[in-house]
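Take a look at the structure set out below.
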Amino acid sequence: SQQGEEDPQALSIQEGENATMNCSYKTSINNLQWYRQNSGRGLVHLILIRSNEREKHSGRLRVTLDTSKKSSSLLITASRAADTASYFCATDADTNAGKSTFGDGTTLTVKP
Amino acid sequence: DTGVSQDPRHKITKRGQNVTFRCDPISEHNRLYWYRQTLGQGPEFLTYFQNEAQLEKSRLLSDRFSAERPKGSFSTLEIQRTEQGDSAMYLCASSLARIRSPLHFGNGTRLTVT
């Protein structure tokens, strides 16, 4: 079974709006990462947040982590049609950020 | 193109046949991973190598599955006696052997077992 669960499963918004996706996990972690996947393609790494960090920014992305609630959120601001993709959170039990446990993803559709 | 490449992109095979997939990682990456992804799900970890050594295998990797990385560069994943439940996208990824080094994924091999 997967460690992370994303919420919502699907999200549809208009271009220019913000998109927020949430991830909950069950066991303690070392890092949490967010990846993006376009249909039929591999995953692309977006951002990594360490367990001792609470918030991280990268361009239009903002990630928060609340280890007491075992949850994370990914905010995409000023969304674009090109942001349409599936977004996955991945948790790492140790410092090997490659041996990750992925959630089932949120499918984001941004309408132009 | 210096990304991770996988071959073939698609494979259709009959149940009971053997199949082999190849992955060429980013050249300076010494870690290589295999993941499996079914429709609507996230990727599931199968196994990983550091150089030519296979360091970990998931319990998902039954004895019909074998992965190799003979010279520490490209890797192959073989599935023997395929079953319909093996139908999935098989993703390869590579990374540096540094803490918190993220994965770089290939575009996967989609396997359909009929």
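Labels for the structure tokens follow display order: chains A, B, ..., residues from 1 in each chain, ligands from 1.
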Select from chain B every residue with an atom at most 10 Å from any atom of chain A, then for each give the shortest pair of atoms and their distance in Å to one decimal, using only C-alpha atoms, rows by chain and rising number, as a tab-separated table.
```
residue	atom	partner	partner_atom	distance
B:Val4	CA	A:Gly42	CA	9.6
B:Arg9	CA	A:Gly40	CA	10.0
B:Arg31	CA	A:Gly98	CA	8.5
B:Leu32	CA	A:Gly98	CA	8.7
B:Tyr33	CA	A:Gly98	CA	7.5
B:Trp34	CA	A:Lys99	CA	9.7
B:Tyr35	CA	A:Lys99	CA	9.6
B:Gln37	CA	A:Asp104	CA	9.8
B:Thr38	CA	A:Asp104	CA	10.0
B:Leu39	CA	A:Asp104	CA	9.7
B:Gly40	CA	A:Asp104	CA	6.8
B:Gln41	CA	A:Asp104	CA	4.5
B:Gly42	CA	A:Asp104	CA	4.3
B:Pro43	CA	A:Phe102	CA	6.0
B:Glu44	CA	A:Phe102	CA	6.8
B:Phe45	CA	A:Lys99	CA	6.8
B:Leu46	CA	A:Lys99	CA	9.2
B:Thr47	CA	A:Lys99	CA	8.5
B:Tyr48	CA	A:Lys99	CA	7.8
B:Glu56	CA	A:Lys99	CA	9.3
B:Met89	CA	A:Gly40	CA	8.9
B:Tyr90	CA	A:Gly42	CA	9.7
B:Leu91	CA	A:Gly42	CA	7.0
B:Cys92	CA	A:Gly42	CA	8.6
B:Ala93	CA	A:Gly98	CA	8.4
B:Ser94	CA	A:Gly98	CA	8.0
B:Ser95	CA	A:Gly98	CA	7.1
B:Leu96	CA	A:Gly98	CA	9.2
B:Ala97	CA	A:Asn96	CA	8.1
B:Arg98	CA	A:Asn96	CA	7.7
B:Ile99	CA	A:Thr95	CA	5.2
B:Arg100	CA	A:Ala97	CA	4.7
B:Ser101	CA	A:Ala97	CA	5.8
B:Pro102	CA	A:Ala97	CA	5.6
B:Leu103	CA	A:Gly98	CA	5.6
B:His104	CA	A:Val44	CA	6.8
B:Phe105	CA	A:Gly42	CA	5.4
B:Gly106	CA	A:Gly42	CA	5.3
B:Asn107	CA	A:Gly42	CA	4.1
B:Gly108	CA	A:Gly42	CA	6.1
B:Thr109	CA	A:Arg41	CA	9.7
B:Arg110	CA	A:Gly40	CA	8.9
```
Export of prior selection with C-alpha atoms as an mmCIF file, in the first residue's frame:
```cif
data_model
loop_
_atom_site.group_PDB
_atom_site.id
_atom_site.type_symbol
_atom_site.label_atom_id
_atom_site.label_comp_id
_atom_site.auth_asym_id
_atom_site.auth_seq_id
_atom_site.Cartn_x
_atom_site.Cartn_y
_atom_site.Cartn_z
ATOM 1 C CA VAL B 4 17.318 8.890 -18.834
ATOM 2 C CA ARG B 9 8.570 2.612 -25.177
ATOM 3 C CA ARG B 31 22.313 5.144 -8.639
ATOM 4 C CA LEU B 32 19.662 3.540 -10.807
ATOM 5 C CA TYR B 33 16.111 2.654 -9.786
ATOM 6 C CA TRP B 34 13.240 0.685 -11.234
ATOM 7 C CA TYR B 35 9.651 1.571 -10.413
ATOM 8 C CA GLN B 37 3.234 2.282 -12.157
ATOM 9 C CA THR B 38 -0.273 1.080 -12.906
ATOM 10 C CA LEU B 39 -3.034 3.308 -14.242
ATOM 11 C CA GLY B 40 -4.278 5.830 -11.714
ATOM 12 C CA GLN B 41 -1.617 4.943 -9.157
ATOM 13 C CA GLY B 42 1.691 6.357 -8.114
ATOM 14 C CA PRO B 43 4.968 4.596 -8.903
ATOM 15 C CA GLU B 44 5.959 1.658 -6.679
ATOM 16 C CA PHE B 45 9.601 1.022 -5.883
ATOM 17 C CA LEU B 46 10.970 -2.266 -7.243
ATOM 18 C CA THR B 47 14.742 -2.187 -6.854
ATOM 19 C CA TYR B 48 17.827 -0.014 -6.964
ATOM 20 C CA GLU B 56 17.639 -3.360 -2.331
ATOM 21 C CA MET B 89 4.394 1.207 -16.971
ATOM 22 C CA TYR B 90 7.932 0.328 -15.923
ATOM 23 C CA LEU B 91 9.867 3.447 -15.017
ATOM 24 C CA CYS B 92 13.597 3.769 -14.661
ATOM 25 C CA ALA B 93 15.211 6.635 -12.780
ATOM 26 C CA SER B 94 18.723 7.631 -11.846
ATOM 27 C CA SER B 95 20.330 9.883 -9.290
ATOM 28 C CA LEU B 96 23.617 10.841 -7.763
ATOM 29 C CA ALA B 97 24.708 8.909 -4.676
ATOM 30 C CA ARG B 98 24.325 11.979 -2.488
ATOM 31 C CA ILE B 99 21.890 12.516 0.290
ATOM 32 C CA ARG B 100 18.622 14.029 -0.874
ATOM 33 C CA SER B 101 19.583 13.682 -4.517
ATOM 34 C CA PRO B 102 16.269 13.560 -6.408
ATOM 35 C CA LEU B 103 15.281 11.114 -9.093
ATOM 36 C CA HIS B 104 15.473 11.782 -12.808
ATOM 37 C CA PHE B 105 12.947 9.581 -14.565
ATOM 38 C CA GLY B 106 12.832 8.176 -18.055
ATOM 39 C CA ASN B 107 9.564 8.108 -19.995
ATOM 40 C CA GLY B 108 8.969 4.475 -19.158
ATOM 41 C CA THR B 109 8.186 1.255 -20.977
ATOM 42 C CA ARG B 110 4.501 0.437 -21.167
#
```
- May I have the residues within 8 Å of Glu52 in chain B as a ChimeraX atom specification, using only C-alpha atoms and disregarding those fewer than 2 positions away in the same chain? /B:49-50,54,68-73
Just to be explicit: take each residue in the selection above, keep C-alpha atoms, and write the result as a PDB file, in the first residue's frame.
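The result, stored in result-v1.pdb:
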```
ATOM      1  CA  PHE B  49      21.504  -0.241  -7.807  1.00  0.00           C
ATOM      2  CA  GLN B  50      24.497   1.711  -6.721  1.00  0.00           C
ATOM      3  CA  GLN B  54      21.845  -4.279  -6.405  1.00  0.00           C
ATOM      4  CA  GLU B  68      20.938  -6.340 -13.704  1.00  0.00           C
ATOM      5  CA  ARG B  69      23.389  -3.535 -14.101  1.00  0.00           C
ATOM      6  CA  PRO B  70      26.482  -5.426 -15.187  1.00  0.00           C
ATOM      7  CA  LYS B  71      28.953  -2.588 -15.736  1.00  0.00           C
ATOM      8  CA  GLY B  72      27.381   0.020 -13.543  1.00  0.00           C
ATOM      9  CA  SER B  73      25.988   1.889 -16.526  1.00  0.00           C
TER      10      SER B  73
END
```
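Proximity to Gly16 in chain A was assessed for A:Arg36, A:Arg80, A:Lys70, A:Lys111 counting only C-alpha atoms; the smallest distance is recorded for A:Arg80.
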- range 18-71 of chain A: which residues are strand (DSSP E or B) by DSSP, as a PyMOL selection string? chain A and resi 19-24+31-37+43-50+55-58+61-66+71
Next, the residues of the selection above should be written as a CSV table (one decimal), in the first residue's frame with N, CA, C and O atoms.
```
chain,number,residue,atom,x,y,z
A,19,ALA,N,-3.8,26.7,-7.4
A,19,ALA,CA,-4.2,25.3,-7.2
A,19,ALA,C,-3.5,24.8,-6.0
A,19,ALA,O,-2.3,25.0,-5.8
A,20,THR,N,-4.2,24.2,-5.1
A,20,THR,CA,-3.7,23.6,-3.8
A,20,THR,C,-3.9,22.1,-3.8
A,20,THR,O,-5.1,21.7,-4.0
A,21,MET,N,-2.9,21.3,-3.6
A,21,MET,CA,-3.0,19.9,-3.4
A,21,MET,C,-2.4,19.5,-2.1
A,21,MET,O,-1.4,20.1,-1.7
A,22,ASN,N,-3.0,18.5,-1.5
A,22,ASN,CA,-2.6,18.1,-0.1
A,22,ASN,C,-2.1,16.6,-0.2
A,22,ASN,O,-2.6,15.8,-1.0
A,23,CYS,N,-1.2,16.3,0.7
A,23,CYS,CA,-0.7,15.0,0.8
A,23,CYS,C,-0.6,14.6,2.3
A,23,CYS,O,-0.1,15.4,3.1
A,24,SER,N,-1.1,13.4,2.7
A,24,SER,CA,-1.0,13.0,4.0
A,24,SER,C,-0.2,11.7,4.0
A,24,SER,O,-0.3,10.9,3.0
A,31,ASN,N,12.5,13.2,4.3
A,31,ASN,CA,12.2,14.2,3.3
A,31,ASN,C,10.8,14.0,2.8
A,31,ASN,O,10.3,12.8,2.8
A,32,LEU,N,10.2,15.0,2.1
A,32,LEU,CA,9.1,14.8,1.3
A,32,LEU,C,9.3,15.6,0.0
A,32,LEU,O,9.9,16.7,0.0
A,33,GLN,N,8.9,14.9,-1.1
A,33,GLN,CA,9.2,15.5,-2.4
A,33,GLN,C,7.8,15.6,-3.2
A,33,GLN,O,6.9,14.8,-2.9
A,34,TRP,N,7.8,16.5,-4.1
A,34,TRP,CA,6.7,16.6,-5.0
A,34,TRP,C,7.2,16.4,-6.4
A,34,TRP,O,8.3,17.0,-6.8
A,35,TYR,N,6.5,15.6,-7.2
A,35,TYR,CA,6.8,15.3,-8.6
A,35,TYR,C,5.6,15.6,-9.5
A,35,TYR,O,4.5,15.6,-9.0
A,36,ARG,N,5.9,15.9,-10.7
A,36,ARG,CA,4.8,16.1,-11.7
A,36,ARG,C,5.0,15.1,-12.8
A,36,ARG,O,6.1,14.7,-13.2
A,37,GLN,N,3.8,14.7,-13.4
A,37,GLN,CA,3.9,13.7,-14.5
A,37,GLN,C,2.9,14.2,-15.5
A,37,GLN,O,1.7,14.2,-15.3
A,43,LEU,N,8.2,11.0,-14.5
A,43,LEU,CA,8.0,12.0,-13.5
A,43,LEU,C,9.1,13.1,-13.5
A,43,LEU,O,10.3,12.7,-13.8
A,44,VAL,N,8.8,14.3,-13.2
A,44,VAL,CA,9.7,15.3,-13.1
A,44,VAL,C,9.8,15.9,-11.7
A,44,VAL,O,8.7,16.2,-11.1
A,45,HIS,N,11.0,15.9,-11.1
A,45,HIS,CA,11.1,16.4,-9.8
A,45,HIS,C,10.8,17.9,-9.7
A,45,HIS,O,11.3,18.7,-10.5
A,46,LEU,N,10.0,18.3,-8.7
A,46,LEU,CA,9.7,19.7,-8.5
A,46,LEU,C,10.4,20.3,-7.3
A,46,LEU,O,11.0,21.4,-7.4
A,47,ILE,N,10.3,19.7,-6.2
A,47,ILE,CA,10.8,20.3,-5.0
A,47,ILE,C,11.0,19.2,-3.9
A,47,ILE,O,10.2,18.3,-3.8
A,48,LEU,N,11.9,19.4,-3.0
A,48,LEU,CA,12.2,18.5,-1.9
A,48,LEU,C,12.1,19.4,-0.6
A,48,LEU,O,12.8,20.5,-0.6
A,49,ILE,N,11.4,18.9,0.4
A,49,ILE,CA,11.4,19.6,1.7
A,49,ILE,C,11.9,18.7,2.7
A,49,ILE,O,11.4,17.5,2.8
A,50,ARG,N,12.8,19.1,3.6
A,50,ARG,CA,13.3,18.2,4.6
A,50,ARG,C,12.3,18.2,5.8
A,50,ARG,O,11.6,19.1,6.0
A,55,GLU,N,8.4,25.3,5.3
A,55,GLU,CA,7.9,25.9,4.0
A,55,GLU,C,9.1,26.1,3.1
A,55,GLU,O,10.2,26.3,3.5
A,56,LYS,N,8.8,25.9,1.8
A,56,LYS,CA,9.8,26.1,0.8
A,56,LYS,C,9.2,26.6,-0.5
A,56,LYS,O,8.0,26.3,-0.8
A,57,HIS,N,9.9,27.5,-1.2
A,57,HIS,CA,9.4,28.1,-2.4
A,57,HIS,C,10.3,27.8,-3.6
A,57,HIS,O,11.5,27.7,-3.4
A,58,SER,N,9.7,27.7,-4.7
A,58,SER,CA,10.4,27.5,-6.0
A,58,SER,C,9.6,28.1,-7.1
A,58,SER,O,8.6,27.5,-7.5
A,61,LEU,N,5.8,27.8,-7.1
A,61,LEU,CA,5.4,26.7,-6.2
A,61,LEU,C,5.7,27.0,-4.8
A,61,LEU,O,6.8,27.6,-4.5
A,62,ARG,N,4.8,26.6,-3.9
A,62,ARG,CA,5.1,26.8,-2.5
A,62,ARG,C,4.6,25.5,-1.8
A,62,ARG,O,3.5,25.0,-2.0
A,63,VAL,N,5.6,24.9,-1.1
A,63,VAL,CA,5.3,23.7,-0.4
A,63,VAL,C,5.4,23.9,1.1
A,63,VAL,O,6.3,24.6,1.6
A,64,THR,N,4.4,23.3,1.8
A,64,THR,CA,4.5,23.4,3.3
A,64,THR,C,4.5,21.9,3.8
A,64,THR,O,4.1,21.0,3.2
A,65,LEU,N,5.1,21.8,5.0
A,65,LEU,CA,5.2,20.5,5.7
A,65,LEU,C,4.8,20.7,7.1
A,65,LEU,O,5.4,21.5,7.8
A,66,ASP,N,3.9,19.8,7.6
A,66,ASP,CA,3.5,19.8,9.0
A,66,ASP,C,3.7,18.4,9.5
A,66,ASP,O,2.9,17.5,9.3
A,71,SER,N,1.4,15.9,7.2
A,71,SER,CA,0.8,16.3,6.0
A,71,SER,C,1.6,17.4,5.3
A,71,SER,O,2.4,18.1,5.9
```
Using only C-alpha atoms, which residues sit within 8 Å of Ala67 in chain B once same-chain residues fewer than 5 positions away are excluded, as a tab-separated table (two decimals) with N, CA, C and O atoms, in the first residue's frame?
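Contents of result-v6.tsv, freshly written:
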```tsv
chain	number	residue	atom	x	y	z
B	47	THR	N	13.37	-1.84	-7.20
B	47	THR	CA	14.74	-2.19	-6.85
B	47	THR	C	15.65	-1.02	-7.18
B	47	THR	O	15.27	-0.12	-7.92
B	75	SER	N	21.01	-0.62	-17.40
B	75	SER	CA	20.39	-1.70	-16.63
B	75	SER	C	19.33	-2.39	-17.48
B	75	SER	O	18.77	-1.78	-18.40
B	76	THR	N	19.08	-3.65	-17.18
B	76	THR	CA	17.99	-4.38	-17.82
B	76	THR	C	17.06	-4.93	-16.74
B	76	THR	O	17.51	-5.27	-15.63
B	77	LEU	N	15.80	-4.97	-17.07
B	77	LEU	CA	14.78	-5.58	-16.21
B	77	LEU	C	14.11	-6.66	-17.04
B	77	LEU	O	13.56	-6.38	-18.11
B	78	GLU	N	14.19	-7.89	-16.58
B	78	GLU	CA	13.58	-9.00	-17.29
B	78	GLU	C	12.41	-9.54	-16.49
B	78	GLU	O	12.50	-9.69	-15.26
```
- Query: How far is it from CA of Cys23 in chain B to CA of Gln84 in chain B, in Å with one decimal?
  - Reply: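 The value is 22.6 Å.
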- May I ask for the distance between CA of Ala88 in chain B and CA of Glu6 in chain A, given in Å to one decimal place?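 So the answer is 21.0 Å.
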- Task: Just the residues within 7 Å of Thr112 in chain B, please, counting only C-alpha atoms, with nothing from its chain fewer than 2 positions along; format it as a list in words.
- Result: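 Listed by chain and then number, they are Lys11, Ile12, Thr13, Ser87, Ala88, Arg110 and Thr114 of chain B.
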